[in-house]
file model_11.tsv (TSV, C-alpha atoms)
chain	number	residue	atom	x	y	z
A	29	MET	CA	104.12	33.02	17.31
A	30	PRO	CA	105.71	29.68	18.25
A	31	LEU	CA	104.48	26.27	17.27
A	32	SER	CA	101.72	24.96	19.48
A	33	ARG	CA	101.46	21.51	17.88
A	34	ARG	CA	104.01	19.08	16.46
A	35	GLY	CA	104.82	19.36	12.78
A	36	LEU	CA	102.79	22.51	12.03
A	37	LEU	CA	104.74	25.56	10.93
A	38	THR	CA	103.46	28.89	12.18
A	39	THR	CA	101.71	31.14	9.74
A	40	ALA	CA	103.03	34.25	11.41
A	41	THR	CA	106.30	34.28	9.54
A	42	ALA	CA	104.70	33.74	6.15
A	43	ALA	CA	102.00	36.31	6.82
A	44	SER	CA	104.51	38.96	7.83
A	45	LEU	CA	106.59	38.61	4.68
A	46	PRO	CA	105.67	39.68	1.16
A	47	ALA	CA	104.52	36.73	-0.96
A	48	CYS	CA	105.94	34.23	1.53
A	49	THR	CA	103.22	31.62	1.30
A	50	ALA	CA	103.41	28.53	-0.86
A	51	ALA	CA	99.64	28.29	-0.96
A	52	ALA	CA	99.01	31.51	-2.90
A	53	PRO	CA	96.94	31.11	-6.08
A	54	THR	CA	98.98	30.44	-9.20
A	55	GLN	CA	97.97	33.69	-10.89
A	56	HIS	CA	99.48	35.64	-7.98
A	57	ARG	CA	102.81	33.83	-7.95
A	58	PRO	CA	105.80	36.16	-8.16
A	59	LYS	CA	107.77	36.22	-11.37
A	60	ARG	CA	110.90	34.80	-9.79
A	61	LEU	CA	111.76	32.53	-6.92
A	62	ARG	CA	112.75	34.04	-3.60
A	63	THR	CA	114.55	31.93	-1.03
A	64	GLY	CA	113.65	31.78	2.61
A	65	PHE	CA	116.55	34.11	3.39
A	66	GLU	CA	115.38	36.65	0.83
A	67	ASN	CA	111.93	36.63	2.38
A	68	LEU	CA	113.44	36.84	5.87
A	69	THR	CA	115.29	40.02	5.01
A	70	ALA	CA	112.26	41.44	3.19
A	71	GLY	CA	110.36	41.01	6.47
A	72	ASN	CA	113.04	42.81	8.50
A	73	TYR	CA	114.13	39.59	10.25
A	74	ALA	CA	110.82	39.60	12.16
A	75	PRO	CA	111.12	36.04	13.59
A	76	LEU	CA	114.54	36.90	15.03
A	77	THR	CA	113.69	40.18	16.73
A	78	GLY	CA	115.29	40.39	20.15
A	79	LYS	CA	117.00	36.99	19.77
A	80	LYS	CA	120.63	35.93	19.93
A	81	VAL	CA	120.95	33.98	16.70
A	82	GLY	CA	123.15	31.04	15.76
A	83	LEU	CA	123.28	29.97	12.11
A	84	VAL	CA	123.84	26.41	10.85
A	85	THR	CA	125.17	26.85	7.33
A	86	ASN	CA	127.91	26.14	4.81
A	87	PRO	CA	129.13	27.73	1.54
A	88	THR	CA	125.66	27.30	-0.03
A	89	GLY	CA	124.15	29.86	2.33
A	90	VAL	CA	124.50	32.70	-0.15
A	91	THR	CA	122.43	35.51	-1.57
A	92	ARG	CA	121.55	35.90	-5.23
A	93	ASP	CA	124.74	37.95	-5.72
A	94	VAL	CA	126.77	35.22	-3.93
A	95	ARG	CA	127.43	37.05	-0.69
A	96	HIS	CA	127.41	34.67	2.24
A	97	ILE	CA	124.43	35.23	4.50
A	98	VAL	CA	126.69	35.16	7.58
A	99	ASP	CA	128.53	38.18	6.21
A	100	VAL	CA	125.23	39.88	5.32
A	101	MET	CA	123.60	39.23	8.69
A	102	HIS	CA	126.71	40.17	10.66
A	103	ALA	CA	126.72	43.58	8.96
A	104	ASP	CA	122.98	44.18	9.50
A	105	ASP	CA	121.88	45.91	12.71
A	106	ARG	CA	118.40	44.40	12.40
A	107	VAL	CA	119.63	40.97	13.51
A	108	ASN	CA	121.92	39.85	16.34
A	109	LEU	CA	124.00	37.02	14.86
A	110	THR	CA	126.29	35.73	17.61
A	111	ALA	CA	127.46	32.27	16.47
A	112	VAL	CA	127.90	30.00	13.45
A	113	PHE	CA	127.65	26.21	13.39
A	114	GLY	CA	129.54	24.29	10.71
A	115	PRO	CA	128.50	20.85	9.36
A	116	GLU	CA	130.50	18.26	7.40
A	117	HIS	CA	133.02	20.03	5.11
A	118	GLY	CA	132.82	23.07	7.40
A	119	PHE	CA	131.12	26.45	7.39
A	120	ARG	CA	133.48	27.91	4.78
A	121	GLY	CA	133.87	24.53	3.02
A	122	THR	CA	137.56	23.86	3.56
A	123	ALA	CA	137.24	20.15	4.48
A	124	GLN	CA	136.84	17.11	2.20
A	125	ALA	CA	134.31	14.31	2.66
A	126	GLY	CA	134.31	12.96	6.21
A	127	GLY	CA	135.95	16.09	7.62
A	128	SER	CA	135.11	19.38	9.30
A	129	GLU	CA	136.77	22.63	10.30
A	130	GLY	CA	136.65	22.31	14.09
A	131	ARG	CA	136.14	25.20	16.52
A	132	TYR	CA	137.60	28.57	15.48
A	133	ASP	CA	136.81	32.27	15.13
A	134	ASP	CA	135.80	33.29	11.62
A	135	PRO	CA	138.47	35.70	10.26
A	136	ALA	CA	135.95	37.68	8.21
A	137	THR	CA	133.45	38.43	10.97
A	138	GLY	CA	135.13	37.45	14.23
A	139	LEU	CA	132.15	35.22	15.03
A	140	PRO	CA	132.77	31.97	16.92
A	141	VAL	CA	132.31	28.94	14.67
A	142	TYR	CA	131.30	25.68	16.36
A	143	ASP	CA	131.68	22.24	14.80
A	144	THR	CA	128.49	20.12	14.60
A	145	TYR	CA	129.89	17.27	12.49
A	146	LEU	CA	129.26	13.84	14.03
A	147	LYS	CA	127.66	15.47	17.08
A	148	SER	CA	124.08	14.75	18.04
A	149	GLY	CA	121.82	14.50	21.07
A	150	ARG	CA	123.09	15.89	24.34
A	151	PRO	CA	126.67	16.65	23.14
A	152	LEU	CA	125.28	18.84	20.35
A	153	ALA	CA	122.76	20.39	22.74
A	154	ASP	CA	125.70	21.30	24.97
A	155	VAL	CA	127.32	23.08	22.01
A	156	PHE	CA	124.16	25.15	21.51
A	157	THR	CA	124.02	25.92	25.23
A	158	ALA	CA	127.68	26.96	25.35
A	159	SER	CA	127.17	29.28	22.37
A	160	GLY	CA	124.58	31.32	24.27
A	161	VAL	CA	122.14	31.61	21.35
A	162	ASP	CA	118.37	31.75	21.75
A	163	THR	CA	117.42	30.64	18.23
A	164	VAL	CA	119.14	28.19	15.88
A	165	VAL	CA	118.66	29.01	12.19
A	166	PHE	CA	119.28	26.45	9.41
A	167	ASP	CA	120.13	27.48	5.83
A	168	ILE	CA	121.90	24.82	3.71
A	169	GLN	CA	121.22	23.74	0.13
A	170	ASP	CA	120.16	20.08	0.00
A	171	VAL	CA	120.32	17.82	-3.07
A	172	GLY	CA	117.33	15.54	-2.47
A	173	ALA	CA	118.98	12.25	-1.46
A	174	ARG	CA	118.55	10.45	1.88
A	175	PHE	CA	122.26	9.77	2.23
A	176	TYR	CA	123.32	13.40	1.73
A	177	THR	CA	124.24	14.25	5.30
A	178	TYR	CA	122.95	17.82	5.56
A	179	ILE	CA	119.35	16.72	6.12
A	180	TRP	CA	120.57	14.69	9.08
A	181	THR	CA	122.49	17.73	10.31
A	182	LEU	CA	119.04	19.38	10.20
A	183	TYR	CA	117.51	16.50	12.15
A	184	ASP	CA	120.31	16.38	14.72
A	185	CYS	CA	120.22	20.16	15.22
A	186	MET	CA	116.44	20.12	15.69
A	187	GLU	CA	116.74	17.40	18.31
A	188	ALA	CA	119.61	19.19	20.06
A	189	ALA	CA	117.81	22.55	19.98
A	190	GLN	CA	114.84	20.94	21.72
A	191	LEU	CA	117.09	19.44	24.39
A	192	ALA	CA	118.80	22.80	24.91
A	193	GLY	CA	115.53	24.75	25.04
A	194	LYS	CA	116.24	26.72	21.85
A	195	THR	CA	113.81	27.70	19.12
A	196	PHE	CA	114.53	26.54	15.58
A	197	LEU	CA	114.02	28.41	12.29
A	198	VAL	CA	114.45	26.85	8.83
A	199	LEU	CA	115.17	29.06	5.80
A	200	ASP	CA	113.94	27.13	2.80
A	201	ARG	CA	115.68	26.55	-0.54
A	202	PRO	CA	114.65	24.51	-3.63
A	203	ASN	CA	115.07	20.79	-4.00
A	204	PRO	CA	117.33	20.98	-7.09
A	205	VAL	CA	116.01	17.75	-8.62
A	206	THR	CA	112.34	18.76	-8.13
A	207	GLY	CA	109.85	17.81	-5.46
A	208	ARG	CA	107.63	15.74	-7.73
A	209	ALA	CA	107.84	12.33	-6.12
A	210	ALA	CA	109.65	10.16	-3.62
A	211	GLN	CA	111.62	7.30	-5.19
A	212	GLY	CA	113.62	4.30	-4.07
A	213	PRO	CA	113.83	2.06	-1.01
A	214	VAL	CA	112.93	3.28	2.47
A	215	LEU	CA	115.45	3.01	5.30
A	216	HIS	CA	114.95	0.28	7.89
A	217	LYS	CA	115.68	1.60	11.37
A	218	GLU	CA	118.28	-1.07	12.15
A	219	PHE	CA	120.43	0.39	9.36
A	220	ALA	CA	120.34	3.94	10.68
A	221	THR	CA	123.60	5.91	10.40
A	222	PHE	CA	124.56	9.51	9.59
A	223	VAL	CA	123.72	8.72	5.93
A	224	GLY	CA	120.18	7.89	7.06
A	225	ARG	CA	118.85	8.53	10.53
A	226	GLN	CA	115.17	7.79	9.91
A	227	PRO	CA	112.93	5.79	7.50
A	228	ILE	CA	112.52	8.04	4.49
A	229	ALA	CA	112.88	7.20	0.79
A	230	GLN	CA	116.24	7.24	-0.96
A	231	ALA	CA	115.12	10.22	-3.07
A	232	HIS	CA	112.72	12.07	-0.75
A	233	GLY	CA	111.36	14.75	-3.11
A	234	MET	CA	111.02	17.37	-0.36
A	235	THR	CA	112.51	20.72	0.63
A	236	VAL	CA	114.31	21.15	3.96
A	237	ALA	CA	111.33	23.03	5.44
A	238	GLU	CA	109.05	20.16	4.48
A	239	LEU	CA	111.49	17.64	5.92
A	240	ALA	CA	111.66	19.67	9.14
A	241	ARG	CA	107.88	19.40	9.48
A	242	LEU	CA	108.04	15.64	8.89
A	243	PHE	CA	110.94	15.15	11.31
A	244	ASN	CA	109.21	17.17	14.03
A	245	GLU	CA	105.95	15.27	13.76
A	246	GLU	CA	107.07	11.74	12.95
A	247	PHE	CA	110.54	11.13	14.36
A	248	LEU	CA	111.66	13.46	17.15
A	249	ALA	CA	111.00	12.12	20.63
A	250	ALA	CA	109.84	15.60	21.64
A	251	PRO	CA	109.05	18.39	19.16
A	252	VAL	CA	111.24	21.46	18.91
A	253	GLU	CA	109.65	24.91	18.78
A	254	LEU	CA	109.80	25.11	14.99
A	255	ASP	CA	109.23	27.87	12.48
A	256	ALA	CA	110.23	28.40	8.85
A	257	VAL	CA	110.50	31.16	6.31
A	258	LEU	CA	109.28	29.66	3.06
A	259	MET	CA	110.27	30.29	-0.52
A	260	SER	CA	107.95	32.13	-2.85
A	261	GLY	CA	107.67	31.32	-6.53
A	262	TRP	CA	108.87	27.71	-6.44
A	263	ARG	CA	106.96	24.89	-8.15
A	264	ARG	CA	107.52	21.23	-7.27
A	265	SER	CA	108.11	20.38	-10.94
A	266	GLU	CA	111.01	22.79	-11.37
A	267	PHE	CA	114.67	21.81	-11.64
A	268	TYR	CA	117.35	24.05	-10.17
A	269	ASP	CA	118.08	25.99	-13.34
A	270	ALA	CA	114.53	27.38	-13.26
A	271	SER	CA	115.27	29.09	-9.93
A	272	GLY	CA	117.64	31.72	-11.30
A	273	LEU	CA	119.83	31.12	-8.26
A	274	PRO	CA	123.60	30.63	-8.41
A	275	TRP	CA	124.81	27.08	-7.76
A	276	VAL	CA	127.42	26.77	-5.03
A	277	PRO	CA	128.71	23.20	-4.59
A	278	PRO	CA	127.21	21.95	-1.30
A	279	SER	CA	130.21	19.63	-0.98
A	280	PRO	CA	133.43	19.18	-2.97
A	281	ASN	CA	132.03	16.31	-5.07
A	282	MET	CA	128.72	18.00	-5.92
A	283	PRO	CA	130.02	20.52	-8.48
A	284	THR	CA	126.86	21.07	-10.56
A	285	PRO	CA	123.09	20.50	-10.51
A	286	ASP	CA	123.77	17.73	-13.06
A	287	THR	CA	125.64	15.89	-10.31
A	288	ALA	CA	122.66	16.22	-7.99
A	289	LEU	CA	120.40	14.83	-10.72
A	290	VAL	CA	122.18	11.46	-10.77
A	291	TYR	CA	123.50	11.34	-7.20
A	292	SER	CA	120.56	9.61	-5.50
A	293	GLY	CA	121.19	6.60	-7.74
A	294	THR	CA	124.89	6.45	-8.49
A	295	CYS	CA	126.07	7.20	-4.96
A	296	LEU	CA	125.23	3.52	-4.43
A	297	PHE	CA	128.58	2.75	-6.08
A	298	GLU	CA	130.23	3.95	-2.87
A	299	GLY	CA	129.13	0.55	-1.58
A	300	THR	CA	131.10	-1.33	-4.26
A	301	ASN	CA	134.70	-1.70	-5.38
A	302	LEU	CA	134.02	0.52	-8.43
A	303	SER	CA	134.87	4.20	-8.57
A	304	GLU	CA	131.90	6.53	-8.26
A	305	GLY	CA	133.84	9.20	-10.13
A	306	ARG	CA	135.40	10.99	-7.19
A	307	GLY	CA	138.61	12.60	-8.31
A	308	THR	CA	137.19	13.45	-11.75
A	309	THR	CA	135.40	16.51	-13.10
A	310	ARG	CA	132.14	14.48	-13.35
A	311	PRO	CA	131.71	12.69	-10.00
A	312	PHE	CA	128.73	10.30	-9.89
A	313	GLU	CA	128.30	10.65	-13.65
A	314	LEU	CA	131.46	8.62	-14.34
A	315	LEU	CA	131.65	5.09	-12.89
A	316	GLY	CA	134.30	2.44	-13.45
A	317	ALA	CA	137.13	0.17	-12.37
A	318	GLU	CA	140.25	-1.56	-13.65
A	319	GLY	CA	139.25	-4.34	-16.02
A	320	VAL	CA	135.86	-2.89	-16.99
A	321	ASP	CA	135.37	-2.57	-20.75
A	322	ARG	CA	132.69	-1.58	-23.24
A	323	ARG	CA	130.44	-4.52	-22.35
A	324	TRP	CA	129.05	-2.66	-19.34
A	325	ALA	CA	127.96	0.40	-21.32
A	326	VAL	CA	126.47	-1.84	-24.02
A	327	ALA	CA	124.49	-3.85	-21.45
A	328	ALA	CA	123.19	-0.72	-19.70
A	329	GLU	CA	122.18	0.94	-22.97
A	330	ARG	CA	120.25	-2.15	-24.07
A	331	LEU	CA	117.92	-1.74	-21.10
A	332	GLY	CA	116.35	1.29	-22.74
A	333	LEU	CA	115.98	3.13	-19.45
A	334	PRO	CA	113.93	6.32	-19.81
A	335	GLY	CA	115.69	9.64	-20.16
A	336	VAL	CA	119.28	8.40	-20.15
A	337	HIS	CA	122.04	7.03	-22.38
A	338	PHE	CA	125.31	5.35	-21.37
A	339	ARG	CA	128.67	5.92	-23.03
A	340	GLU	CA	131.77	3.75	-22.78
A	341	ALA	CA	134.26	5.90	-20.89
A	342	TYR	CA	137.86	5.82	-19.63
A	343	PHE	CA	139.23	8.10	-16.93
A	344	ALA	CA	141.96	8.45	-14.29
A	345	PRO	CA	140.77	9.66	-10.86
A	346	THR	CA	143.10	12.13	-9.19
A	347	PHE	CA	142.10	10.89	-5.72
A	348	SER	CA	139.91	8.27	-4.02
A	349	LYS	CA	139.49	4.82	-5.64
A	350	PHE	CA	141.99	3.99	-8.43
A	351	GLN	CA	143.89	7.22	-7.90
A	352	GLY	CA	146.17	7.89	-10.86
A	353	LYS	CA	145.11	4.77	-12.76
A	354	THR	CA	143.26	4.76	-16.07
A	355	ILE	CA	140.10	2.75	-15.63
A	356	GLY	CA	137.14	1.80	-17.81
A	357	GLY	CA	133.45	2.27	-17.21
A	358	VAL	CA	130.46	4.34	-18.22
A	359	GLN	CA	129.41	7.94	-18.35
A	360	ILE	CA	125.76	8.74	-17.71
A	361	HIS	CA	124.13	11.17	-20.14
A	362	VAL	CA	120.66	12.32	-19.03
A	363	HIS	CA	118.74	13.61	-22.06
A	364	ASP	CA	115.24	13.85	-20.56
A	365	ARG	CA	115.24	14.96	-16.93
A	366	ALA	CA	111.48	14.61	-16.53
A	367	ALA	CA	111.53	10.94	-17.59
A	368	TYR	CA	114.75	10.00	-15.79
A	369	ASP	CA	114.52	7.91	-12.60
A	370	PRO	CA	117.88	8.16	-10.81
A	371	VAL	CA	117.30	5.39	-8.27
A	372	ARG	CA	116.05	2.84	-10.80
A	373	THR	CA	118.99	3.78	-13.03
A	374	GLY	CA	121.45	3.30	-10.16
A	375	VAL	CA	120.10	-0.18	-9.48
A	376	ALA	CA	120.21	-1.06	-13.18
A	377	LEU	CA	123.86	-0.06	-13.29
A	378	LEU	CA	124.64	-2.24	-10.27
A	379	VAL	CA	122.86	-5.21	-11.89
A	380	THR	CA	124.64	-4.79	-15.23
A	381	ALA	CA	128.05	-4.09	-13.64
A	382	LYS	CA	127.89	-7.32	-11.68
A	383	ARG	CA	126.96	-9.27	-14.81
A	384	ALA	CA	129.41	-7.58	-17.18
A	385	TRP	CA	132.51	-7.54	-14.95
A	386	SER	CA	133.71	-10.58	-13.07
A	387	GLY	CA	135.66	-8.41	-10.61
A	388	PHE	CA	132.55	-6.79	-9.12
A	389	THR	CA	132.30	-6.94	-5.32
A	390	TRP	CA	130.47	-5.13	-2.56
A	391	ARG	CA	132.48	-3.27	0.05
A	392	SER	CA	133.40	-5.69	2.81
A	393	ASP	CA	131.51	-3.67	5.43
A	394	ASN	CA	128.28	-3.94	3.38
A	395	TRP	CA	128.10	-0.15	3.16
A	396	ILE	CA	125.59	-0.69	0.34
A	397	ASP	CA	123.06	-1.74	3.01
A	398	LYS	CA	123.52	1.59	4.83
A	399	LEU	CA	123.03	3.48	1.57
A	400	THR	CA	119.96	1.58	0.41
A	401	GLY	CA	118.59	1.22	3.93
A	402	SER	CA	118.31	-2.58	4.14
A	403	THR	CA	119.78	-5.80	2.77
A	404	LEU	CA	117.16	-5.99	0.01
A	405	VAL	CA	119.11	-4.50	-2.90
A	406	ARG	CA	122.34	-6.35	-2.19
A	407	THR	CA	120.79	-9.75	-1.56
A	408	MET	CA	118.42	-9.58	-4.51
A	409	ILE	CA	121.21	-8.61	-6.92
A	410	ASP	CA	123.41	-11.37	-5.52
A	411	ALA	CA	120.55	-13.81	-6.10
A	412	GLY	CA	120.39	-12.83	-9.77
A	413	ALA	CA	117.35	-10.54	-9.70
A	414	ASP	CA	116.94	-8.08	-12.54
A	415	THR	CA	116.22	-4.36	-12.17
A	416	ASP	CA	112.42	-4.70	-12.26
A	417	GLU	CA	112.46	-7.35	-9.56
A	418	VAL	CA	114.67	-5.28	-7.26
A	419	VAL	CA	112.56	-2.16	-7.74
A	420	ALA	CA	109.38	-4.15	-7.08
A	421	GLY	CA	110.84	-5.24	-3.76
A	422	TRP	CA	110.55	-1.81	-2.15
A	423	GLN	CA	107.22	-0.61	-3.57
A	424	ARG	CA	105.04	-1.38	-0.54
A	425	GLU	CA	107.30	0.53	1.85
A	426	LEU	CA	107.69	3.38	-0.64
A	427	ALA	CA	103.90	3.69	-0.98
A	428	ALA	CA	103.59	3.98	2.81
A	429	PHE	CA	106.27	6.68	2.92
A	430	ARG	CA	104.56	8.59	0.11
A	431	ARG	CA	101.33	8.63	2.11
A	432	MET	CA	103.14	9.97	5.16
A	433	ARG	CA	105.12	12.49	3.12
A	434	LYS	CA	102.02	13.96	1.54
A	435	LYS	CA	100.90	15.43	4.88
A	436	TYR	CA	103.97	17.63	5.11
A	437	LEU	CA	104.23	19.04	1.59
A	438	ILE	CA	103.95	22.83	1.44
A	439	TYR	CA	104.41	23.80	-2.20
A	440	LYS	CA	102.31	22.99	-5.26
call {"tool": "encode", "arguments": {"input": "model_11.tsv", "output": "structure tokens"}}
result
Amino acid sequence: MPLSRRGLLTTATAASLPACTAAAPTQHRPKRLRTGFENLTAGNYAPLTGKKVGLVTNPTGVTRDVRHIVDVMHADDRVNLTAVFGPEHGFRGTAQAGGSEGRYDDPATGLPVYDTYLKSGRPLADVFTASGVDTVVFDIQDVGARFYTYIWTLYDCMEAAQLAGKTFLVLDRPNPVTGRAAQGPVLHKEFATFVGRQPIAQAHGMTVAELARLFNEEFLAAPVELDAVLMSGWRRSEFYDASGLPWVPPSPNMPTPDTALVYSGTCLFEGTNLSEGRGTTRPFELLGAEGVDRRWAVAAERLGLPGVHFREAYFAPTFSKFQGKTIGGVQIHVHDRAAYDPVRTGVALLVTAKRAWSGFTWRSDNWIDKLTGSTLVRTMIDAGADTDEVVAGWQRELAAFRRMRKKYLIYK
């Protein structure tokens, strides 16, 4: 049963699968989480019957026993998987940030793999048309931050599927940092890039199926024929370790769920001349630069931010900024995940870094504005604003986004 109205997922998929509804009473919740893919297979691939299927995925598209779903589906006669579409870093994950694997035939399955990275609109629609698929399926683990590009791969693929006359199916997975609340500034449309196509909050607090509903209703020029297979057994308040699922790094610099916890705040350091910890074993938890000393960690700790402590740290990145040089900075130690606010913490670290280190500068291309979604954060910090003042500056827009977001939430 296809969608008949924008933004509303069909109930047919959920009804045909065991325990595949997020609205079931709490006392009937299953004892463990099941992903959208697990519920898809439990329902004998019902939404894909008779369809030529193309799968948008990456190394995170795995089963509980870490088999890739492409390998599983290719070997299953119940589904006709005919193509794979790889995003940034590639389907098998061989490319670093800002790279992809290109067009090739997968050695394990023989399936054609098409490159979606940096393609959108009609060029991406042409890729879907050339592949010959009827239905495009999306299954990638997100990390909950607006500037993590896989949600915009979702958006671009939805738009392209509509242009190409394809149906679209989302297989849902948990938001690893919970779905409790949206946090941070909202993107202004004039700052739209691949790290933020549309005006959503910096930490959106949604799953990919929920985002797909929002995108289809609020942002796509014309809605795609959209369906989803939901998770069962997921609560919005749960962090990733409650899922019982294996963690596969969604990208090379997202090694653990701990990285995802801080990422929506500390990725802002990509917009500065400080290292965001790339090239270390704790990316986005370690931040620093040449000439930074203990004064930064002391200043950050004095703020008394909830749920987090800051340690003076020294490290030598093996690649990216300050490659091979020993630099000083801070390490973030989150001790209370429920109290921790990653976006507020990221802003506080920008404010204190600028005050504690005379060498602080923004990237010359003002990349910070693309990451935060406007000039607000940069200009307020440059004007001497403190953390509370900067955070207050985005509250009205955040409140409006939260009201919009609420319409598309599925899980309790």
call {"tool": "residues_near_point", "arguments": {"input": "model_11.tsv", "point": "(138.7, 0.8, -9.4)", "cutoff": "7 Å", "atoms": "all atoms listed in the file", "output": "list in words"}}
result
Asn301, Leu302, Ser303, Gly316, Ala317, Glu318, Lys349, Phe350 and Ile355 of chain A
call {"tool": "closest_atom_pairs", "arguments": {"input": "model_11.tsv", "of": "region 247-298 of chain A", "to": "region 232-235 of chain A", "cutoff": "12 Å", "atoms": "all atoms listed in the file", "output": "CSV"}}
result
residue,atom,partner,partner_atom,distance
A:Ala256,CA,A:Thr235,CA,11.5
A:Leu258,CA,A:Thr235,CA,9.8
A:Met259,CA,A:Thr235,CA,9.9
A:Trp262,CA,A:Thr235,CA,10.6
A:Arg263,CA,A:Thr235,CA,11.2
A:Arg264,CA,A:Gly233,CA,8.6
A:Ser265,CA,A:Gly233,CA,10.2
A:Glu266,CA,A:Gly233,CA,11.5
A:Phe267,CA,A:Gly233,CA,11.6
A:Leu289,CA,A:Gly233,CA,11.8
A:Ser292,CA,A:His232,CA,9.5
call {"tool": "closest_residue", "arguments": {"input": "model_11.tsv", "among": "A:Arg322, A:Arg310, A:Arg424, A:Arg201", "to": "Pro283 (chain A)", "atoms": "only C-alpha atoms"}}
result
A:Arg310
call {"tool": "residues_near_point", "arguments": {"input": "model_11.tsv", "point": "(103.9, 13.3, 2.9)", "cutoff": "12 Å", "atoms": "all atoms listed in the file", "output": "ChimeraX atom specification"}}
result
/A:35,207-210,228-229,232-235,238-243,245-246,426-439
call {"tool": "atom_distance", "arguments": {"input": "model_11.tsv", "atom1": "CA of Trp395 (chain A)", "atom2": "CA of Ala327 (chain A)"}}
result
25.1 Å
call {"tool": "closest_residue", "arguments": {"input": "model_11.tsv", "among": "A:Ala381, A:Cys295, A:Val214, A:Val290", "to": "Thr403 (chain A)", "atoms": "only C-alpha atoms"}}
result
A:Val214
call {"tool": "atom_distance", "arguments": {"input": "model_11.tsv", "atom1": "CA of Thr287 (chain A)", "atom2": "CA of Ala123 (chain A)"}}
result
19.3 Å
call {"tool": "closest_atom_pairs", "arguments": {"input": "model_11.tsv", "of": "region 134-241 of chain A", "to": "region 79-93 of chain A", "cutoff": "9 Å", "atoms": "all atoms listed in the file", "output": "Markdown table"}}
result
| residue | atom | partner | partner_atom | distance |
| --- | --- | --- | --- | --- |
| A:Thr144 | CA | A:Val84 | CA | 8.7 |
| A:Phe156 | CA | A:Gly82 | CA | 8.3 |
| A:Ser159 | CA | A:Gly82 | CA | 7.9 |
| A:Gly160 | CA | A:Lys80 | CA | 7.5 |
| A:Val161 | CA | A:Lys80 | CA | 4.8 |
| A:Asp162 | CA | A:Lys80 | CA | 5.1 |
| A:Thr163 | CA | A:Val81 | CA | 5.1 |
| A:Val164 | CA | A:Gly82 | CA | 4.9 |
| A:Val165 | CA | A:Leu83 | CA | 4.7 |
| A:Phe166 | CA | A:Val84 | CA | 4.8 |
| A:Asp167 | CA | A:Thr85 | CA | 5.3 |
| A:Ile168 | CA | A:Thr85 | CA | 5.3 |
| A:Gln169 | CA | A:Thr88 | CA | 5.7 |
| A:Thr181 | CA | A:Val84 | CA | 8.8 |
| A:Leu182 | CA | A:Val84 | CA | 8.5 |
| A:Cys185 | CA | A:Val84 | CA | 8.4 |
call {"tool": "atom_distance", "arguments": {"input": "model_11.tsv", "atom1": "CA of Val94 (chain A)", "atom2": "CA of Ala74 (chain A)"}}
result
23.1 Å
call {"tool": "residues_around", "arguments": {"input": "model_11.tsv", "residues": "region 383-387 of chain A", "least_positions_apart": "2", "cutoff": "8 Å", "atoms": "all atoms listed in the file", "output": "PDB file with C-alpha atoms, in the coordinates of the input"}}
result
ATOM      1  CA  GLY A 319     139.250  -4.340 -16.020  1.00  0.00           C
ATOM      2  CA  VAL A 320     135.860  -2.890 -16.990  1.00  0.00           C
ATOM      3  CA  ARG A 323     130.440  -4.520 -22.350  1.00  0.00           C
ATOM      4  CA  TRP A 324     129.050  -2.660 -19.340  1.00  0.00           C
ATOM      5  CA  ALA A 327     124.490  -3.850 -21.450  1.00  0.00           C
ATOM      6  CA  VAL A 379     122.860  -5.210 -11.890  1.00  0.00           C
ATOM      7  CA  THR A 380     124.640  -4.790 -15.230  1.00  0.00           C
ATOM      8  CA  ALA A 381     128.050  -4.090 -13.640  1.00  0.00           C
ATOM      9  CA  THR A 389     132.300  -6.940  -5.320  1.00  0.00           C
TER      10      THR A 389
END
call {"tool": "residues_around", "arguments": {"input": "model_11.tsv", "residues": "Lys217 (chain A)", "least_positions_apart": "6", "cutoff": "10 Å", "atoms": "all atoms listed in the file", "output": "MDAnalysis selection string"}}
result
chainID A and resid 224:228 401:402
call {"tool": "closest_residue", "arguments": {"input": "model_11.tsv", "among": "A:Val419, A:Leu378, A:Ile97, A:Leu191", "to": "Val155 (chain A)", "atoms": "all atoms listed in the file"}}
result
A:Leu191
call {"tool": "closest_residue", "arguments": {"input": "model_11.tsv", "among": "A:Val223, A:Ala158, A:Val276, A:Leu76", "to": "Arg120 (chain A)", "atoms": "only C-alpha atoms"}}
result
A:Val276
call {"tool": "closest_residue", "arguments": {"input": "model_11.tsv", "among": "A:Gly78, A:Gly64, A:Gly307, A:Gly299", "to": "Asp105 (chain A)", "atoms": "all atoms listed in the file"}}
result
A:Gly78
call {"tool": "closest_residue", "arguments": {"input": "model_11.tsv", "among": "A:Leu254, A:Leu314, A:Leu215, A:Leu399", "to": "Ala189 (chain A)", "atoms": "all atoms listed in the file"}}
result
A:Leu254
